[in-house]
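Asker: Next up, structure.csv (CSV, C-alpha atoms and all ligand atoms).
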```
chain,number,residue,atom,x,y,z
V,1,ALA,CA,48.6,-141.9,106.3
V,2,GLN,CA,50.4,-144.3,108.6
V,3,ASP,CA,49.2,-142.4,111.7
V,4,VAL,CA,45.6,-143.0,110.9
V,5,ASP,CA,44.2,-145.6,113.3
V,6,ASP,CA,41.4,-143.5,114.7
V,7,LEU,CA,39.4,-141.7,112.0
V,8,SER,CA,37.9,-139.3,114.6
V,9,GLN,CA,41.4,-138.0,115.5
V,10,LEU,CA,42.5,-136.8,112.1
V,11,LYS,CA,45.7,-134.7,111.9
V,12,ALA,CA,46.3,-132.2,109.1
V,13,ALA,CA,48.6,-133.6,106.4
V,14,PRO,CA,52.0,-131.9,106.3
V,15,ARG,CA,52.4,-129.5,103.5
V,16,ALA,CA,56.0,-128.3,104.0
V,17,SER,CA,57.7,-130.0,101.1
V,18,ASN,CA,58.9,-128.2,98.1
V,19,VAL,CA,57.4,-130.8,95.8
V,20,TRP,CA,53.9,-129.6,94.9
V,21,GLU,CA,52.9,-133.1,93.9
V,22,LEU,CA,53.6,-134.4,97.4
V,23,ASP,CA,51.6,-131.5,99.0
V,24,TYR,CA,48.8,-132.2,96.6
V,25,LEU,CA,48.9,-135.9,97.5
V,26,GLY,CA,48.6,-134.8,101.2
V,27,THR,CA,45.6,-132.7,100.5
V,28,VAL,CA,43.9,-135.5,98.5
V,29,LEU,CA,44.6,-138.0,101.2
V,30,GLU,CA,43.2,-135.7,103.8
V,31,ARG,CA,40.0,-135.2,101.8
V,32,MET,CA,39.7,-138.9,101.4
V,33,LEU,CA,40.1,-139.5,105.1
V,34,ARG,CA,37.5,-136.9,105.9
V,35,ARG,CA,35.0,-138.6,103.6
V,36,LEU,CA,35.8,-141.9,105.2
V,37,GLU,CA,35.2,-140.4,108.7
V,38,GLU,CA,31.9,-138.9,107.5
V,39,ASN,CA,30.8,-142.2,106.1
V,40,SER,CA,31.8,-144.2,109.2
V,41,ALA,CA,29.9,-141.7,111.5
V,42,GLU,CA,26.9,-142.1,109.2
V,43,LEU,CA,27.2,-145.9,109.6
V,44,ARG,CA,27.6,-145.7,113.4
V,45,ARG,CA,24.4,-143.5,113.5
V,46,ALA,CA,22.5,-146.0,111.3
V,47,TRP,CA,23.7,-148.9,113.5
V,48,ARG,CA,22.5,-147.2,116.6
V,49,ASP,CA,19.1,-146.4,115.0
V,50,ALA,CA,18.8,-150.0,113.9
V,51,GLN,CA,19.6,-151.3,117.4
V,52,THR,CA,17.0,-148.9,118.9
V,53,ALA,CA,14.4,-150.0,116.4
V,54,ASN,CA,15.1,-153.6,117.1
V,55,GLN,CA,14.8,-153.1,120.8
V,56,LEU,CA,11.4,-151.3,120.3
V,57,LYS,CA,10.3,-154.2,118.1
V,58,ASN,CA,11.3,-156.7,120.8
V,59,GLU,CA,9.4,-154.7,123.4
V,60,PHE,CA,6.4,-154.6,121.1
V,61,LEU,CA,6.5,-158.3,120.5
V,62,ALA,CA,6.8,-159.1,124.2
V,63,ASN,CA,3.9,-156.8,124.9
V,64,THR,CA,1.8,-158.2,122.1
V,65,SER,CA,2.3,-161.8,123.2
V,66,HIS,CA,1.4,-160.8,126.7
V,67,GLU,CA,-1.7,-159.1,125.5
V,68,LEU,CA,-2.7,-162.1,123.4
V,69,ARG,CA,-1.9,-164.7,126.0
V,70,THR,CA,-3.8,-163.1,128.9
V,71,PRO,CA,-7.3,-163.3,127.4
V,72,LEU,CA,-6.5,-166.6,125.7
V,73,ASN,CA,-5.6,-168.1,129.1
V,74,GLY,CA,-8.9,-166.7,130.5
V,75,ILE,CA,-10.8,-168.5,127.7
V,76,ILE,CA,-8.9,-171.8,128.3
V,77,GLY,CA,-9.4,-171.6,132.0
V,78,SER,CA,-13.1,-170.9,131.8
V,79,ILE,CA,-13.7,-173.7,129.3
V,80,ARG,CA,-11.7,-176.3,131.4
V,81,VAL,CA,-13.7,-175.4,134.5
V,82,ILE,CA,-16.9,-176.3,132.7
V,83,GLN,CA,-15.3,-179.3,130.8
V,84,ASP,CA,-14.1,-180.8,134.1
V,85,ASP,CA,-17.5,-180.4,135.7
V,86,LEU,CA,-16.2,-178.2,138.4
V,87,CYS,CA,-19.2,-175.9,138.5
V,88,ASP,CA,-21.8,-176.2,141.2
V,89,SER,CA,-24.7,-174.9,139.2
V,90,LYS,CA,-25.9,-174.0,135.8
V,91,GLU,CA,-25.7,-170.3,136.7
V,92,GLU,CA,-22.0,-170.7,137.6
V,93,GLU,CA,-21.4,-172.5,134.2
V,94,GLN,CA,-23.1,-169.6,132.5
V,95,GLU,CA,-20.9,-167.1,134.3
V,96,PHE,CA,-17.7,-168.9,133.1
V,97,LEU,CA,-19.1,-169.0,129.6
V,98,GLN,CA,-19.8,-165.3,129.8
V,99,GLN,CA,-16.2,-164.7,131.0
V,100,ALA,CA,-14.9,-166.8,128.1
V,101,ASP,CA,-17.0,-164.9,125.6
V,102,LYS,CA,-15.9,-161.5,127.0
V,103,ALA,CA,-12.2,-162.6,126.8
V,104,ALA,CA,-12.7,-163.9,123.2
V,105,LEU,CA,-14.2,-160.5,122.1
V,106,HIS,CA,-11.4,-158.7,123.8
V,107,LEU,CA,-8.9,-160.9,122.0
V,108,LEU,CA,-10.6,-160.1,118.7
V,109,ALA,CA,-10.3,-156.4,119.4
V,110,VAL,CA,-6.6,-156.7,120.2
V,111,ILE,CA,-5.9,-158.7,117.1
V,112,GLU,CA,-7.8,-156.2,114.9
V,113,ASP,CA,-5.8,-153.4,116.5
V,114,ILE,CA,-2.5,-155.2,116.0
V,115,LEU,CA,-3.4,-155.8,112.3
V,116,ASN,CA,-4.1,-152.1,111.9
V,117,ILE,CA,-0.7,-151.2,113.5
V,118,ALA,CA,1.1,-153.7,111.3
V,119,LYS,CA,-0.6,-152.2,108.2
V,120,ILE,CA,0.3,-148.7,109.2
V,121,GLU,CA,4.0,-149.8,109.8
V,122,ALA,CA,4.1,-151.6,106.5
V,123,GLY,CA,2.6,-148.6,104.7
V,124,THR,CA,-0.1,-150.8,103.2
V,125,LEU,CA,-3.1,-149.2,104.9
V,126,ASP,CA,-5.2,-147.7,102.2
V,127,MET,CA,-6.8,-144.4,103.1
V,128,ASN,CA,-9.9,-143.5,101.2
V,129,VAL,CA,-9.9,-139.7,101.8
V,130,MET,CA,-12.9,-137.8,100.6
V,131,PRO,CA,-14.9,-134.7,101.6
V,132,VAL,CA,-17.4,-135.4,104.3
V,133,ASP,CA,-19.7,-133.2,106.4
V,134,LEU,CA,-18.2,-133.1,109.9
V,135,ARG,CA,-21.6,-132.0,111.3
V,136,LEU,CA,-23.2,-135.2,110.1
V,137,VAL,CA,-20.3,-137.4,111.2
V,138,LEU,CA,-20.3,-136.0,114.7
V,139,LYS,CA,-24.1,-136.4,114.9
V,140,ASP,CA,-23.8,-140.0,113.8
V,141,VAL,CA,-21.0,-140.8,116.3
V,142,LEU,CA,-22.7,-139.0,119.2
V,143,ASP,CA,-26.0,-140.6,118.5
V,144,MET,CA,-24.3,-144.0,118.7
V,145,GLN,CA,-23.0,-143.2,122.2
V,146,VAL,CA,-25.8,-141.3,123.7
V,147,LEU,CA,-27.5,-144.3,125.3
V,148,GLN,CA,-24.3,-145.4,127.1
V,149,PHE,CA,-23.8,-141.9,128.4
V,150,GLN,CA,-27.3,-141.9,129.8
V,151,GLN,CA,-26.9,-145.3,131.3
V,152,LYS,CA,-23.8,-144.1,133.1
V,153,GLY,CA,-25.5,-140.9,134.2
V,154,LEU,CA,-23.1,-138.6,132.3
V,155,GLN,CA,-24.0,-135.5,130.5
V,156,LEU,CA,-23.0,-135.4,126.9
V,157,ILE,CA,-22.7,-131.8,125.6
V,158,ARG,CA,-22.9,-131.6,121.8
V,159,PRO,CA,-21.1,-129.0,119.7
V,160,GLU,CA,-23.2,-126.2,118.2
V,161,MET,CA,-22.9,-126.5,114.5
V,162,THR,CA,-25.5,-124.8,112.3
V,163,GLU,CA,-23.9,-125.2,108.9
V,164,PRO,CA,-22.2,-128.1,107.1
V,165,MET,CA,-18.4,-128.2,107.5
V,166,MET,CA,-16.5,-130.2,104.9
V,167,VAL,CA,-13.4,-132.0,105.9
V,168,PRO,CA,-11.2,-134.4,103.8
V,169,VAL,CA,-11.1,-137.7,105.8
V,170,ASP,CA,-11.3,-141.4,105.5
V,171,LEU,CA,-14.8,-141.7,106.9
V,172,SER,CA,-14.7,-145.1,108.6
V,173,ARG,CA,-11.2,-144.5,110.2
V,174,PHE,CA,-12.2,-141.0,111.2
V,175,LYS,CA,-15.3,-142.4,112.9
V,176,GLN,CA,-13.1,-145.1,114.6
V,177,VAL,CA,-10.9,-142.3,116.0
V,178,LEU,CA,-13.9,-140.3,117.3
V,179,LEU,CA,-15.5,-143.4,118.8
V,180,ASN,CA,-12.3,-144.4,120.5
V,181,VAL,CA,-11.9,-140.9,122.0
V,182,LEU,CA,-15.5,-140.7,123.1
V,183,SER,CA,-15.5,-144.2,124.6
V,184,ASN,CA,-12.3,-143.3,126.5
V,185,ALA,CA,-13.9,-140.1,127.8
V,186,MET,CA,-16.9,-142.1,129.0
V,187,LYS,CA,-14.8,-145.0,130.4
V,188,PHE,CA,-12.6,-142.7,132.5
V,189,THR,CA,-15.3,-140.5,133.8
V,190,ASP,CA,-17.6,-141.5,136.6
V,191,GLU,CA,-19.6,-138.4,137.1
V,192,GLY,CA,-20.0,-135.0,135.4
V,193,ALA,CA,-20.0,-134.3,131.7
V,194,VAL,CA,-18.2,-134.9,128.5
V,195,ALA,CA,-18.3,-131.8,126.2
V,196,VAL,CA,-17.5,-131.9,122.5
V,197,THR,CA,-16.7,-128.5,120.9
V,198,VAL,CA,-15.7,-127.6,117.4
V,199,THR,CA,-13.6,-124.6,116.5
V,200,THR,CA,-12.0,-123.5,113.3
V,201,GLY,CA,-8.8,-121.6,112.5
V,202,GLU,CA,-6.1,-121.1,110.0
V,203,SER,CA,-2.4,-121.5,109.9
V,204,VAL,CA,-0.9,-118.7,107.9
V,205,THR,CA,2.7,-118.0,107.1
V,206,ASP,CA,3.6,-114.3,107.5
V,207,GLU,CA,6.2,-112.5,105.4
V,208,SER,CA,9.0,-113.6,107.7
V,209,GLY,CA,8.1,-117.2,107.1
V,210,VAL,CA,6.9,-117.7,110.7
V,211,GLU,CA,3.7,-119.8,111.0
V,212,ARG,CA,1.0,-118.0,112.9
V,213,VAL,CA,-2.3,-119.4,114.0
V,214,LYS,CA,-5.6,-117.6,113.7
V,215,THR,CA,-8.5,-119.2,115.7
V,216,SER,CA,-12.2,-118.5,115.8
V,217,GLU,CA,-12.2,-118.4,119.6
V,218,VAL,CA,-10.5,-115.9,121.8
V,219,GLY,CA,-8.2,-117.5,124.3
V,220,ASP,CA,-8.2,-120.8,122.5
V,221,GLU,CA,-4.6,-121.8,122.7
V,222,VAL,CA,-3.0,-124.6,120.7
V,223,PRO,CA,-1.5,-127.5,122.7
V,224,GLY,CA,2.2,-127.6,122.2
V,225,SER,CA,2.6,-130.9,120.4
V,226,LEU,CA,-0.4,-130.7,118.1
V,227,LEU,CA,0.8,-130.6,114.4
V,228,LEU,CA,-1.6,-128.1,112.7
V,229,PRO,CA,-2.2,-128.6,109.0
V,230,SER,CA,-1.2,-125.6,106.9
V,231,GLY,CA,-4.2,-123.5,105.8
V,232,PRO,CA,-7.7,-123.7,107.3
V,233,TRP,CA,-8.4,-126.4,109.9
V,234,VAL,CA,-11.1,-127.7,112.2
V,235,LYS,CA,-10.4,-128.6,115.8
V,236,ILE,CA,-12.6,-131.1,117.7
V,237,THR,CA,-12.2,-131.0,121.4
V,238,VAL,CA,-13.5,-133.7,123.8
V,239,LYS,CA,-13.3,-132.6,127.4
V,240,ASP,CA,-14.2,-134.9,130.2
V,241,SER,CA,-14.5,-134.4,134.0
V,242,GLY,CA,-13.0,-137.8,134.7
V,243,ILE,CA,-10.0,-139.3,136.4
V,244,GLY,CA,-7.5,-137.2,134.5
V,245,ILE,CA,-3.8,-138.1,133.8
V,246,GLU,CA,-0.6,-137.3,135.6
V,247,PRO,CA,1.5,-135.0,133.4
V,248,GLU,CA,4.4,-137.3,133.4
V,249,ASN,CA,2.3,-140.1,131.8
V,250,LEU,CA,0.9,-137.9,129.0
V,251,PRO,CA,3.8,-138.3,126.5
V,252,LYS,CA,3.8,-142.1,126.5
V,253,LEU,CA,0.1,-142.7,126.0
V,254,PHE,CA,0.5,-142.7,122.2
V,255,LYS,CA,2.8,-145.6,122.3
V,256,PRO,CA,1.2,-149.0,121.6
V,257,PHE,CA,-0.1,-150.9,124.7
V,258,VAL,CA,0.6,-148.1,127.2
V,259,MET,CA,-2.2,-147.7,129.8
V,260,VAL,CA,-1.7,-145.5,132.7
V,261,ASP,CA,-2.3,-148.2,135.2
V,262,GLY,CA,-0.1,-151.0,134.0
V,263,SER,CA,-1.4,-153.6,136.4
V,264,HIS,CA,-2.9,-156.9,135.2
V,265,THR,CA,-6.0,-156.4,137.1
V,266,ARG,CA,-7.0,-153.3,135.3
V,267,PRO,CA,-10.2,-151.6,136.6
V,268,TYR,CA,-10.9,-150.4,133.0
V,269,GLU,CA,-11.1,-152.4,129.9
V,270,GLY,CA,-9.0,-151.6,126.9
V,271,THR,CA,-6.1,-152.6,124.7
V,272,GLY,CA,-3.9,-149.6,125.1
V,273,LEU,CA,-3.7,-149.4,121.3
V,274,GLY,CA,-6.5,-146.9,120.6
V,275,LEU,CA,-4.6,-143.7,120.9
V,276,ALA,CA,-1.5,-145.1,119.0
V,277,ILE,CA,-3.7,-146.1,116.1
V,278,SER,CA,-5.8,-142.9,116.3
V,279,GLN,CA,-2.6,-140.8,116.0
V,280,ASN,CA,-1.4,-142.7,113.0
V,281,PHE,CA,-4.8,-142.5,111.3
V,282,MET,CA,-5.0,-138.7,112.0
V,283,ARG,CA,-1.5,-138.1,110.6
V,284,LEU,CA,-2.3,-140.1,107.5
V,285,MET,CA,-5.3,-137.8,107.0
V,286,GLN,CA,-3.0,-134.7,107.4
V,287,GLY,CA,-4.4,-134.0,110.8
V,288,ASP,CA,-3.3,-134.8,114.4
V,289,ILE,CA,-4.5,-135.7,117.9
V,290,THR,CA,-3.2,-134.9,121.4
V,291,ILE,CA,-4.3,-135.5,124.9
V,292,SER,CA,-3.8,-133.1,127.8
V,293,SER,CA,-4.8,-133.0,131.5
V,294,GLU,CA,-4.0,-130.9,134.5
V,295,GLY,CA,-3.4,-134.0,136.5
V,296,ALA,CA,-5.1,-136.8,138.4
V,297,GLY,CA,-8.7,-136.1,139.1
V,298,GLN,CA,-8.7,-133.0,136.9
V,299,GLY,CA,-10.3,-134.4,133.8
V,300,SER,CA,-8.7,-134.8,130.4
V,301,THR,CA,-9.0,-133.1,127.0
V,302,VAL,CA,-8.4,-134.7,123.7
V,303,THR,CA,-7.9,-132.5,120.7
V,304,ILE,CA,-8.3,-133.7,117.2
V,305,VAL,CA,-7.4,-131.5,114.2
V,306,VAL,CA,-8.2,-132.0,110.5
V,307,PRO,CA,-7.7,-129.7,107.5
V,308,GLN,CA,-10.9,-127.8,106.5
V,309,MET,CA,-12.0,-127.7,102.9
V,310,VAL,CA,-12.2,-124.1,101.7
V,311,LYS,CA,-15.6,-122.9,100.8
V,312,ALA,CA,-14.9,-122.2,97.1
V,313,LEU,CA,-14.1,-125.9,96.6
V,314,VAL,CA,-17.2,-127.1,98.4
V,315,GLU,CA,-19.6,-124.9,96.5
V,401,LIG,P1,-7.3,-148.1,126.0
V,401,LIG,O1,-8.3,-147.1,126.2
V,401,LIG,O2,-7.7,-149.3,125.1
V,401,LIG,O3,-6.6,-148.5,127.2
V,401,LIG,P2,-5.9,-146.0,124.5
V,401,LIG,O4,-4.7,-146.1,123.7
V,401,LIG,O5,-7.2,-145.5,123.9
V,401,LIG,O6,-6.1,-147.5,125.1
V,401,LIG,O7,-5.6,-145.2,125.8
V,401,LIG,C1,-4.4,-145.4,126.5
V,401,LIG,C2,-4.5,-145.0,127.9
V,401,LIG,O8,-4.6,-143.5,128.0
V,401,LIG,C3,-5.7,-145.5,128.7
V,401,LIG,O9,-5.5,-146.8,129.1
V,401,LIG,C4,-5.8,-144.5,129.8
V,401,LIG,O10,-4.8,-144.8,130.8
V,401,LIG,C5,-5.3,-143.2,129.2
V,401,LIG,N1,-6.5,-142.4,128.7
V,401,LIG,C6,-7.0,-142.3,127.5
V,401,LIG,N2,-8.0,-141.4,127.4
V,401,LIG,C7,-8.2,-141.0,128.7
V,401,LIG,C8,-9.2,-140.1,129.3
V,401,LIG,N3,-10.2,-139.5,128.6
V,401,LIG,N4,-9.1,-139.9,130.7
V,401,LIG,C9,-8.1,-140.5,131.4
V,401,LIG,N5,-7.2,-141.4,130.8
V,401,LIG,C10,-7.2,-141.6,129.5
```
For this file, produce the structure as structure tokens.
Ligand code: ADP
Answerer:
Amino acid sequence: AQDVDDLSQLKAAPRASNVWELDYLGTVLERMLRRLEENSAELRRAWRDAQTANQLKNEFLANTSHELRTPLNGIIGSIRVIQDDLCDSKEEEQEFLQQADKAALHLLAVIEDILNIAKIEAGTLDMNVMPVDLRLVLKDVLDMQVLQFQQKGLQLIRPEMTEPMMVPVDLSRFKQVLLNVLSNAMKFTDEGAVAVTVTTGESVTDESGVERVKTSEVGDEVPGSLLLPSGPWVKITVKDSGIGIEPENLPKLFKPFVMVDGSHTRPYEGTGLGLAISQNFMRLMQGDITISSEGAGQGSTVTIVVPQMVKALVE
């Protein structure tokens, strides 16, 4: 017991005495020290986790204040130019007002996204999951976007769905995810097409307990990091012919505020929160979302998966 300074260097207690009580005492002390060592290792782990979480929180706060300050500075700057009568014409004044308006709308979008993330973190986001017809939801969402696709000269390829397909989702949040993915596909594609496809499959556990995947399409492989729901599922794929993503950037895109080009003068608008929020929403609906790309200039594919309601329940 006297030798114990470093719990990680425990020596076995001597058991050579002829007095059984002493040997027994040695055994009990040893057991006690081992419990102590286990507890202190657990504490060290928890401390490390707490430090990492704290660091992530600090990074998040630093990013958040930057993202809030940038548009706010834009608004203040534009207003001051007009207030100080620095514009040469009414048109120039209008231009600054438009810039302020755009920055204010962007600020609102960032704040709404941050509130969503805060609610997800605090576990206070209420999900209203109910059966909805995926065919109708996709039609709604694609109809909403069709004009913008036309204006940009992009082809929008719709999925072929002849029958209703029921999925258990929170309708408004599911639509938010689909809209975010579609507007990303449009935003990052300058020419070509965005194709939306729907496939179904089922995760079944075989006798050896290994999960196998049956899909409705031959050669339809499942991206590595997609968490498939157990049982029947539906996969919605949004494939664009846009700027693509370098493979090393793929894993970090689901972190809040990450945009591939981190510069302040971003050529594309956005908050960098859409995918992070979409992933949280999809996981709360027992589904998932991933993004893949062969590399820059090769287009990107976003895959969303949701559980599918079995026919017997629907009828
Ligand atoms: P935002 O679109 O607001 O920047 P997101 O979280 O939706 O935020 O996306 C994060 C980043 O992922 C984008 O800034 C972009 O760099 C990359 N990204 C997302 N979708 C695509 C896509 N279809 N093609 C290329 N890059 C994409």
Asker: The residues within 12 Å of (-4.7, -142.4, 117.8), using all atoms listed in the file and the coordinates of the file, should be reported as a VMD selection string; which are they?
Answerer: chain V and resid 113 116 to 117 120 173 to 181 184 253 to 257 272 to 285 287 to 291 302 to 305
Asker: Grab the CA of Gly297 (chain V) to CA of Met144 (chain V) distance for me, in Å with one decimal place.
Answerer: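 These atoms are spaced 26.9 Å apart.
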Asker: Here is a test: counting all atoms listed in the file, which residue of V:Val110, V:Ala122, V:Met309, V:Leu138 is nearest to ligand LIG 401 (chain V)?
Answerer: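 Of V:Val110, V:Ala122, V:Met309, V:Leu138, the one nearest ligand LIG 401 (chain V), counting all atoms listed in the file, is V:Val110.
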Asker: Compare V:Ala185, V:Val198, V:Leu156, V:Val169 by their minimum atom-to-atom distance to Ile243 (chain V), counting all atoms listed in the file, and give me the closest one.
Answerer: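 Closest residue, counting all atoms listed in the file: V:Ala185.
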Asker: Rounded to one decimal place, report the CA of Ile157 (chain V)-CA of Ala195 (chain V) distance in Å.
Answerer: 4.4 Å
Asker: Skip Val132 (chain V) itself and residues of its chain fewer than 3 positions away, then list as a PyMOL selection string all residues within 8 Å of it, counting only C-alpha atoms.
Answerer: chain V and resi 137+165-169+171
Asker: Fewer than 3 positions away in the same chain doesn't count, so skip those; otherwise give me all residues within 6 Å of region 98-102 of chain V, counting only C-alpha atoms, as a VMD selection string.
Answerer: chain V and resid 75 78 95 105
Asker: Let me make sure I understand: among V:Gly231, V:Leu142, V:His106, V:Leu154, which one has the smallest atom-to-atom distance to ligand LIG 401 (chain V) if we use all atoms listed in the file?
Answerer: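 Looking at the shortest contact to ligand LIG 401 (chain V), the residue is V:His106.
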